[in-house]
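K.L.:
What follows is the file final00.csv, containing CSV, C-alpha atoms:
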chain,number,residue,atom,x,y,z
G,5,MET,CA,135.3,28.3,122.9
G,6,LYS,CA,134.5,32.0,123.1
G,7,LEU,CA,134.0,33.9,119.9
G,8,ASN,CA,134.5,37.6,120.0
G,9,ARG,CA,132.5,39.5,117.5
G,10,THR,CA,134.0,42.6,116.1
G,11,ARG,CA,131.6,45.5,116.6
G,12,GLN,CA,131.0,47.6,113.6
G,13,ALA,CA,131.5,51.2,114.1
G,14,SER,CA,128.2,53.0,114.2
G,15,ALA,CA,127.6,55.6,111.5
G,16,VAL,CA,128.0,59.0,112.9
G,17,ILE,CA,125.8,61.6,111.4
G,18,ARG,CA,127.6,64.9,111.4
G,19,LEU,CA,125.3,67.9,111.5
G,20,VAL,CA,127.8,70.7,110.6
G,21,PRO,CA,127.9,69.9,106.8
G,22,MET,CA,124.1,69.6,106.8
G,23,ILE,CA,123.7,72.9,108.5
G,24,ASP,CA,126.1,74.5,106.0
G,25,VAL,CA,124.1,73.1,103.1
G,26,LEU,CA,120.8,74.4,104.6
G,27,MET,CA,122.3,77.9,105.1
G,28,ILE,CA,123.4,77.9,101.5
G,29,LEU,CA,120.0,76.9,100.3
G,30,LEU,CA,118.4,79.5,102.6
G,31,VAL,CA,120.5,82.3,101.1
G,32,PHE,CA,119.9,81.0,97.6
G,33,PHE,CA,116.1,81.0,98.0
G,34,MET,CA,116.1,84.4,99.7
G,35,VAL,CA,118.2,86.0,96.9
G,36,THR,CA,116.3,84.4,94.0
G,37,SER,CA,112.7,84.8,95.3
G,38,THR,CA,110.5,87.8,94.5
G,39,TRP,CA,108.6,89.5,97.2
G,40,LEU,CA,105.1,90.5,96.2
G,41,ASN,CA,103.8,93.4,98.0
G,42,LEU,CA,100.0,93.0,98.0
G,43,ARG,CA,99.3,96.4,99.3
G,44,MET,CA,99.1,99.0,96.6
G,45,ILE,CA,101.3,102.1,96.9
G,46,PRO,CA,99.0,105.1,97.5
G,47,LEU,CA,100.3,108.5,96.5
G,48,ALA,CA,100.6,110.9,99.5
G,49,ALA,CA,98.1,113.7,99.7
G,50,GLN,CA,99.3,117.3,100.2
G,51,ALA,CA,100.5,117.7,103.8
G,52,ASP,CA,99.3,121.3,104.1
G,53,ALA,CA,95.7,120.6,103.0
G,54,PRO,CA,93.6,119.1,105.9
G,55,ALA,CA,91.5,116.2,105.1
G,56,PRO,CA,87.8,117.2,104.7
G,57,ALA,CA,85.5,116.1,107.4
G,58,ARG,CA,82.7,114.0,106.0
G,59,ALA,CA,79.2,114.1,107.5
G,60,GLY,CA,77.1,111.0,106.8
G,61,PRO,CA,77.9,107.9,104.8
G,62,ALA,CA,80.8,108.0,102.3
G,63,PRO,CA,79.7,108.2,98.7
G,64,SER,CA,80.1,105.1,96.6
G,65,ALA,CA,83.4,105.3,94.8
G,66,SER,CA,83.9,104.0,91.3
G,67,THR,CA,87.2,102.8,90.1
G,68,LEU,CA,88.8,103.5,86.7
G,69,LEU,CA,91.5,101.1,85.5
G,70,ILE,CA,94.2,102.5,83.1
G,71,ARG,CA,96.9,100.2,81.7
G,72,LEU,CA,100.2,101.5,80.4
G,73,ASP,CA,101.7,99.2,77.7
G,74,ALA,CA,105.3,98.7,76.8
G,75,ALA,CA,105.2,101.4,74.1
G,76,GLY,CA,104.0,104.0,76.6
G,77,GLN,CA,100.4,104.1,75.3
G,78,ALA,CA,97.6,104.4,77.8
G,79,LEU,CA,94.8,101.8,77.4
G,80,LEU,CA,91.3,102.2,78.7
G,81,ARG,CA,89.1,99.1,78.5
G,82,GLY,CA,91.7,97.7,76.1
G,83,GLN,CA,91.5,100.6,73.7
G,84,PRO,CA,94.3,103.1,73.2
G,85,ILE,CA,93.4,106.6,74.3
G,86,ALA,CA,95.3,109.9,73.6
G,87,ALA,CA,96.6,112.0,76.5
G,88,ASN,CA,94.3,114.9,76.0
G,89,ALA,CA,91.2,112.6,75.6
G,90,LEU,CA,92.2,110.8,78.8
G,91,ALA,CA,92.6,114.1,80.7
G,92,GLU,CA,89.1,115.2,79.6
G,93,LEU,CA,87.6,111.9,80.4
G,94,LEU,CA,89.1,112.0,83.9
G,95,ARG,CA,87.9,115.5,84.5
G,96,SER,CA,84.3,114.6,83.5
G,97,ARG,CA,84.3,111.4,85.5
G,98,ARG,CA,85.7,113.3,88.5
G,99,GLU,CA,83.0,115.9,88.3
G,100,ALA,CA,80.3,113.2,88.1
G,101,ASP,CA,81.9,111.2,91.0
G,102,PRO,CA,84.2,113.2,93.3
G,103,ALA,CA,85.3,109.9,95.0
G,104,LEU,CA,86.6,108.5,91.7
G,105,SER,CA,89.5,106.2,92.2
G,106,VAL,CA,92.1,105.5,89.5
G,107,VAL,CA,94.3,102.4,89.3
G,108,LEU,CA,97.3,102.5,87.0
G,109,LEU,CA,98.7,99.2,85.7
G,110,PRO,CA,102.1,99.9,84.1
G,111,SER,CA,103.7,97.2,82.0
G,112,GLY,CA,107.1,95.9,83.2
G,113,GLN,CA,108.6,97.2,79.9
G,114,ALA,CA,107.1,100.7,80.1
G,115,SER,CA,109.6,103.5,80.7
G,116,ASN,CA,109.5,105.5,83.9
G,117,GLN,CA,109.0,108.7,81.9
G,118,ASP,CA,105.8,107.3,80.4
G,119,LEU,CA,104.5,106.4,83.9
G,120,VAL,CA,105.4,109.8,85.2
G,121,SER,CA,103.6,111.4,82.2
G,122,LEU,CA,100.5,109.4,83.0
G,123,LEU,CA,100.7,110.3,86.6
G,124,GLU,CA,100.9,114.0,85.7
G,125,ILE,CA,97.8,113.7,83.5
G,126,THR,CA,95.8,112.1,86.3
G,127,THR,CA,96.9,114.5,89.0
G,128,GLU,CA,96.2,117.5,86.7
G,129,ALA,CA,92.7,116.2,86.1
G,130,GLY,CA,92.2,116.5,89.9
G,131,ILE,CA,92.3,112.8,90.8
G,132,GLU,CA,93.1,112.4,94.4
G,133,ARG,CA,92.7,108.6,94.8
G,134,LEU,CA,95.4,107.2,92.7
G,135,ARG,CA,97.1,103.8,93.0
G,136,ILE,CA,99.9,102.2,91.0
G,137,VAL,CA,99.9,98.4,90.8
G,138,ARG,CA,102.7,96.5,89.1
G,139,MET,CA,101.6,93.0,88.2
G,140,GLY,CA,104.7,91.4,86.8
G,141,GLU,CA,106.9,91.0,83.8
G,142,ALA,CA,104.6,88.8,81.8
G,143,GLN,CA,102.2,91.6,80.9
Would you mind writing the file's structure down as structure tokens?

P.N.:
Amino acid sequence: MKLNRTRQASAVIRLVPMIDVLMILLVFFMVTSTWLNLRMIPLAAQADAPAPARAGPAPSASTLLIRLDAAGQALLRGQPIAANALAELLRSRREADPALSVVLLPSGQASNQDLVSLLEITTEAGIERLRIVRMGEAQ
């Protein structure tokens, strides 16, 4: 007696639905992710002014950190500072150290006008090395 076994159909794995799901996940993660640019955005120097040639080693540059809170108030070392006092401080620090670098840290809730006003104060004080760093929304 010969018994014939019925063969079970082997499971076929279809790749097309899996590829569709992967594409949807890829698009989802690309849209919802945030891109952190680790390079700071330097402000462009004037194009008509040639860069001064430096002879010898570069002087040691100090950095001044100024935060801009959500209310538009400038903070230096955690203490609020008025616009005219900040301008005078920047002028005196620049005279003491011509290679002074200023880093601005605006809050995510600060208005653009407050940031532009702070930029105007720093550039009128003669600061040439100026950077803006935006840390995130949880400031």

K.L.:
Nearest to G:Ala103: which of G:Pro84, G:Asn116, G:Glu124, G:Ser66 is it, counting only C-alpha atoms?

P.N.:
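Of G:Pro84, G:Asn116, G:Glu124, G:Ser66, the one nearest G:Ala103 is G:Ser66, counting only C-alpha atoms.
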
K.L.:
Which residue gives the smallest distance to G:Val107 among G:Thr126, G:Thr67, G:Met22, G:Phe32, with all atoms listed in the file counted?

P.N.:
G:Thr67

K.L.:
Enter the distance from atom CA of G:Leu104 to atom CA of G:Ile85, in Å, rounded to one decimal.

P.N.:
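Atom CA of G:Ile85 lies at a distance of 18.8 Å from atom CA of G:Leu104.
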
K.L.:
With all atoms listed in the file as the atoms that count, which of G:Leu7, G:Leu30, G:Val16, G:Leu68 lies nearest to G:Arg98?

P.N.:
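Smallest distance to G:Arg98 is found for G:Leu68.
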
K.L.:
Enter the distance from atom CA of G:Ser105 to atom CA of G:Arg138, in Å, rounded to one decimal.

P.N.:
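Atom-to-atom, atom CA of G:Ser105 to atom CA of G:Arg138, that is 16.7 Å.
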
K.L.:
So that I can check the surroundings of G:Leu122, please list as an NGL selection string every protein, DNA and RNA residue that reaches within 12 Å of it, counting only C-alpha atoms and ignoring chain neighbours fewer than 3 positions away.

P.N.:
:G and (70-73 or 76-79 or 85-88 or 90-91 or 94 or 106-110 or 114-119 or 125-129 or 131 or 134-136)

K.L.:
Smallest atom-to-atom distance to G:Arg97: which of G:Gly130, G:Val31, G:Leu19, G:Lys6, using all atoms listed in the file?

P.N.:
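With all atoms listed in the file as the atom set, the closest residue is G:Gly130.
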
K.L.:
Just checking: using all atoms listed in the file, which residue out of G:Val25, G:Ala13, G:Leu80, G:Leu69 ends up closest to G:Val137?

P.N.:
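That would be G:Leu69, the residue with the smallest distance to G:Val137.
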
K.L.:
Go ahead and compute the interatomic distance for atom CA of G:Ser111 and atom CA of G:Ala75, in Å to one decimal.

P.N.:
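Taking atom CA of G:Ser111 as the start and atom CA of G:Ala75 as the end point, the length is 9.1 Å.
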